[in-house]
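For reference, the structure is listed below as structure tokens.
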Amino acid sequence: MTVPPGAVWIKACAALKSELGEGAFGSWLAQAALRECDGGLVLVTQTGIARDWIRRNAWRRISELWAQHDPQGRALDLKSRFELDDATPPAPASTVSIPSAAVSAPAEERKMARPSGLQDRYTLDSFVTGPSNEFAFAVARRVASWADGHFNPVVFHGPYGFGKTHLLNAIAWEATRAAPEKKVVYLTAERFLSTFVRAIQDKATAAFKDDLRTADLLLIDDVHFIGGKQTSQEELFHTLMSLTAEGRRVVLSADRPPAGLAEVDARLRSHLSAGLVCGIESADRDLRLGILERKLQLLARQHDFRRSPAARPEVLEFLADRFTDSVRELEGALNTLVARLHEGVCGVGLDEAQAILRPHLRGGAEKRVTVDDIQKATAEHFGLTQADLVSERRNRAVARPRQAAMWLTKQLTTRSLPDIGRRFGGRDHTTVLHAVRRIEELKALDAQLTGDLEALIRKLRG
């Protein structure tokens, strides 16, 4: 009886995961795939670094396990996907199996040299646009189409959970579809750091550099995490310099604009600021409603709803008004309702939806906090007037409560820094950023201030 190569590889992977450990297996082997090429079998890695690590540290054991589980005695080779693509024009090799629980990609996508680490659900088609992100979306489409006259690098920045990761994934997907012959590399900053550290430990920095600096498009998500890691910042700086000098494209994301990344080296900040810095603001109510409607349509297809995927307006409005901190929280709330009710979510009433989601509501509070609420509560707590907080007065008795109110506004609302500045007497966003950081510093040192902030938060959240 012939044993499929995929079944052999899955058995080998089970043993390798146990022997190497979850960390090493996940870093170096989880993304490898078995492919059939010219009548032979090839284990294909996503990067040259992974290929070199496997050859040095695991290839002998893989060969033993393969021979042990394959009664046909078929030979197995090891290559990176770029070697294989170069060696097998014009048609890509067919995938035999992928040893992971990931959702299977459509056949069209499996034929491409898929960048590792991407999430299938994050595409340009599934991105919902509104005033807060439409410019960023337009930039993403242009980058993904390999259009000429691009800015380099492109840096998307904005609050956590409002679409930066979605855009970077979508760019990588679309760029790979548009030009499958080009090398697209997607990394989180955490992955960049861990891979670079392993490359240093394994004396494989040359392969690491070659793998990134030969990319036609390099995307790094959450680059602010590299702050404070001097050696890694140095490597990223030289990688970006090399890529941009050769006209290769670079896209990054961060939680702040480059100028606000104080913990990042000044040279790297300057280089990040030299291209196109593109902000993504918090989603407004209309955009949140649009995201919910699109998400419900996707869930209806996934779960085979028999009825029209339209929830009651008051339920969607409740979700949009209550889950404002990030799109991920908003989608998570809808996922919870669908998991509990399936297609019954389309007819659920507001009271039942609130009851189901009550454990997910912070402190059970359902009150939406406004800037006006914060200013009134802060002024009353510190014995001031609301006019004092928006005035030009800079004495300490007013300045510190004003900074506290700005910090509370950043924590309890989805207002952007420029918008907060406008609501506090037309101040610049850098003033707000300084206030937020100053309060964060003082919280660790000033027990009285910490108590004041906690009391205000309790009062504001009811």
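Lettering and numbering for the structure tokens are positional, with chains as A, B, ... in the shown order, residues counted from 1 in each chain, and ligands counted from 1 in the shown order.
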- [ ] Could you give me the residues within range 253-345 of chain A that DSSP places in helix (DSSP H, G or I), as a ChimeraX atom specification?
- [x] /A:258-260,266-273,285-302,313-322,327-345
Task: 8 Å contact set for Glu281 in chain A, only C-alpha atoms, chain neighbours under 6 positions out, as a PyMOL selection string - done: chain A and resi 132-133+158-159+162+416
With N, CA and C atoms kept, could you save the residues just selected as a PDB file, in the first residue's frame?
ATOM      1  N   SER A 132     -11.263  57.898   8.753  1.00  0.00           N
ATOM      2  CA  SER A 132     -10.069  57.746   9.584  1.00  0.00           C
ATOM      3  C   SER A 132      -8.969  56.919   8.928  1.00  0.00           C
ATOM      4  N   ASN A 133      -9.307  56.160   7.874  1.00  0.00           N
ATOM      5  CA  ASN A 133      -8.298  55.265   7.298  1.00  0.00           C
ATOM      6  C   ASN A 133      -8.271  55.227   5.774  1.00  0.00           C
ATOM      7  N   GLY A 158      -0.728  54.348  14.237  1.00  0.00           N
ATOM      8  CA  GLY A 158      -2.040  54.606  14.806  1.00  0.00           C
ATOM      9  C   GLY A 158      -2.282  53.757  16.029  1.00  0.00           C
ATOM     10  N   PRO A 159      -3.464  53.886  16.653  1.00  0.00           N
ATOM     11  CA  PRO A 159      -3.769  53.147  17.882  1.00  0.00           C
ATOM     12  C   PRO A 159      -3.784  51.642  17.651  1.00  0.00           C
ATOM     13  N   PHE A 162      -6.645  49.057  15.159  1.00  0.00           N
ATOM     14  CA  PHE A 162      -7.456  49.779  14.176  1.00  0.00           C
ATOM     15  C   PHE A 162      -6.977  49.595  12.736  1.00  0.00           C
ATOM     16  N   SER A 416      -8.190  60.971  18.914  1.00  0.00           N
ATOM     17  CA  SER A 416      -6.796  61.027  18.509  1.00  0.00           C
ATOM     18  C   SER A 416      -6.080  62.126  19.291  1.00  0.00           C
TER      19      SER A 416
END
Open item on the list: as an NGL selection string, please: the residues near Phe225 in chain A (cut-off 12 Å, only C-alpha atoms, same-chain neighbours under 3 positions excluded).
Closed with: :A and (188-194 or 220-222 or 228-230 or 232-233 or 252-256 or 261-264)
- [ ] May I have the residues within 10 Å of Lys79 in chain A as a list in words, using only C-alpha atoms and disregarding those fewer than 3 positions away in the same chain?
- [x]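 Returned residues: Ala32, Val42, Leu43, Val44, Thr45, Gln46, Thr47, Gly48, Ala50, Arg51, Asp52, Arg55, Phe82, Glu83, Leu84 and Asp85 of chain A.
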- [ ] Please report, as a ChimeraX atom specification, each residue of range 225-402 of chain A to which DSSP assigns strand (DSSP E or B) when run on this structure's backbone.
- [x] /A:249-254,276-279
Export N, CA and C atoms of the chosen residues as an mmCIF file, in the first residue's frame?
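What follows is the written file again-v2.cif:
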data_model
loop_
_atom_site.group_PDB
_atom_site.id
_atom_site.type_symbol
_atom_site.label_atom_id
_atom_site.label_comp_id
_atom_site.auth_asym_id
_atom_site.auth_seq_id
_atom_site.Cartn_x
_atom_site.Cartn_y
_atom_site.Cartn_z
ATOM 1 N N ARG A 249 11.245 48.066 -1.905
ATOM 2 C CA ARG A 249 10.199 48.741 -1.145
ATOM 3 C C ARG A 249 10.144 48.266 0.292
ATOM 4 N N VAL A 250 9.843 49.210 1.180
ATOM 5 C CA VAL A 250 9.786 48.920 2.608
ATOM 6 C C VAL A 250 8.506 49.526 3.175
ATOM 7 N N VAL A 251 7.759 48.734 3.940
ATOM 8 C CA VAL A 251 6.545 49.206 4.613
ATOM 9 C C VAL A 251 6.622 48.766 6.067
ATOM 10 N N LEU A 252 6.361 49.690 6.974
ATOM 11 C CA LEU A 252 6.422 49.384 8.398
ATOM 12 C C LEU A 252 5.182 49.933 9.095
ATOM 13 N N SER A 253 4.932 49.435 10.306
ATOM 14 C CA SER A 253 3.857 50.000 11.123
ATOM 15 C C SER A 253 4.380 50.245 12.525
ATOM 16 N N ALA A 254 3.771 51.206 13.205
ATOM 17 C CA ALA A 254 4.151 51.542 14.580
ATOM 18 C C ALA A 254 2.939 52.131 15.280
ATOM 19 N N LEU A 276 7.008 58.215 3.528
ATOM 20 C CA LEU A 276 5.625 58.653 3.707
ATOM 21 C C LEU A 276 5.138 58.151 5.058
ATOM 22 N N VAL A 277 4.831 59.081 5.951
ATOM 23 C CA VAL A 277 4.303 58.739 7.275
ATOM 24 C C VAL A 277 2.791 58.905 7.215
ATOM 25 N N CYS A 278 2.081 57.811 7.418
ATOM 26 C CA CYS A 278 0.642 57.778 7.140
ATOM 27 C C CYS A 278 -0.127 57.364 8.394
ATOM 28 N N GLY A 279 -0.896 58.274 8.970
ATOM 29 C CA GLY A 279 -1.619 57.992 10.200
ATOM 30 C C GLY A 279 -2.954 57.299 9.977
#
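Counting only C-alpha atoms, Gln403 in chain A has the following residues at most 7 Å away, ignoring those fewer than 5 positions along the same chain: A:Ala435, A:Val436, A:Ile439.
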- [ ] Quick one: everything within 7 Å of Gly161 in chain A, counting only C-alpha atoms, minus sequence neighbours fewer than 5 positions away in the same chain. Send it as a list of chain:residue names.
- [x]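 Skipping anything fewer than 5 positions along the chain leaves A:Ser326, A:Val327, A:Arg328.
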Task: Between CA of Asp265 in chain A and CA of His238 in chain A, distance in Å (one decimal) - done: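 Result for CA of Asp265 in chain A versus CA of His238 in chain A: 12.4 Å, one decimal.
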TODO: Find the spatial neighbours of Pro5 in chain A, counting only C-alpha atoms, within a cut-off of 12 Å - ignore same-chain residues fewer than 5 positions away - and output them as a PyMOL selection string.
DONE: chain A and resi 10-12+33-36+40-43+66-67+69-76+95-99
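Atom pair CA of Glu134 in chain A / CA of Ile280 in chain A: separated by 8.6 Å.
When only C-alpha atoms are used to measure the gap to Leu236 in chain A, the shortest distance among A:Ala215, A:Glu317, A:Leu268, A:Lys203 belongs to A:Leu268.
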Task: For Phe318 in chain A, the nearest of the candidates A:His342, A:Arg368, A:His381, A:Arg423, counting only C-alpha atoms - done: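 Closest to Phe318 in chain A, using only C-alpha atoms: A:Arg368.
Computed from the coordinates, the CA of Val345 in chain A to CA of Ala333 in chain A distance equals 11.8 Å.
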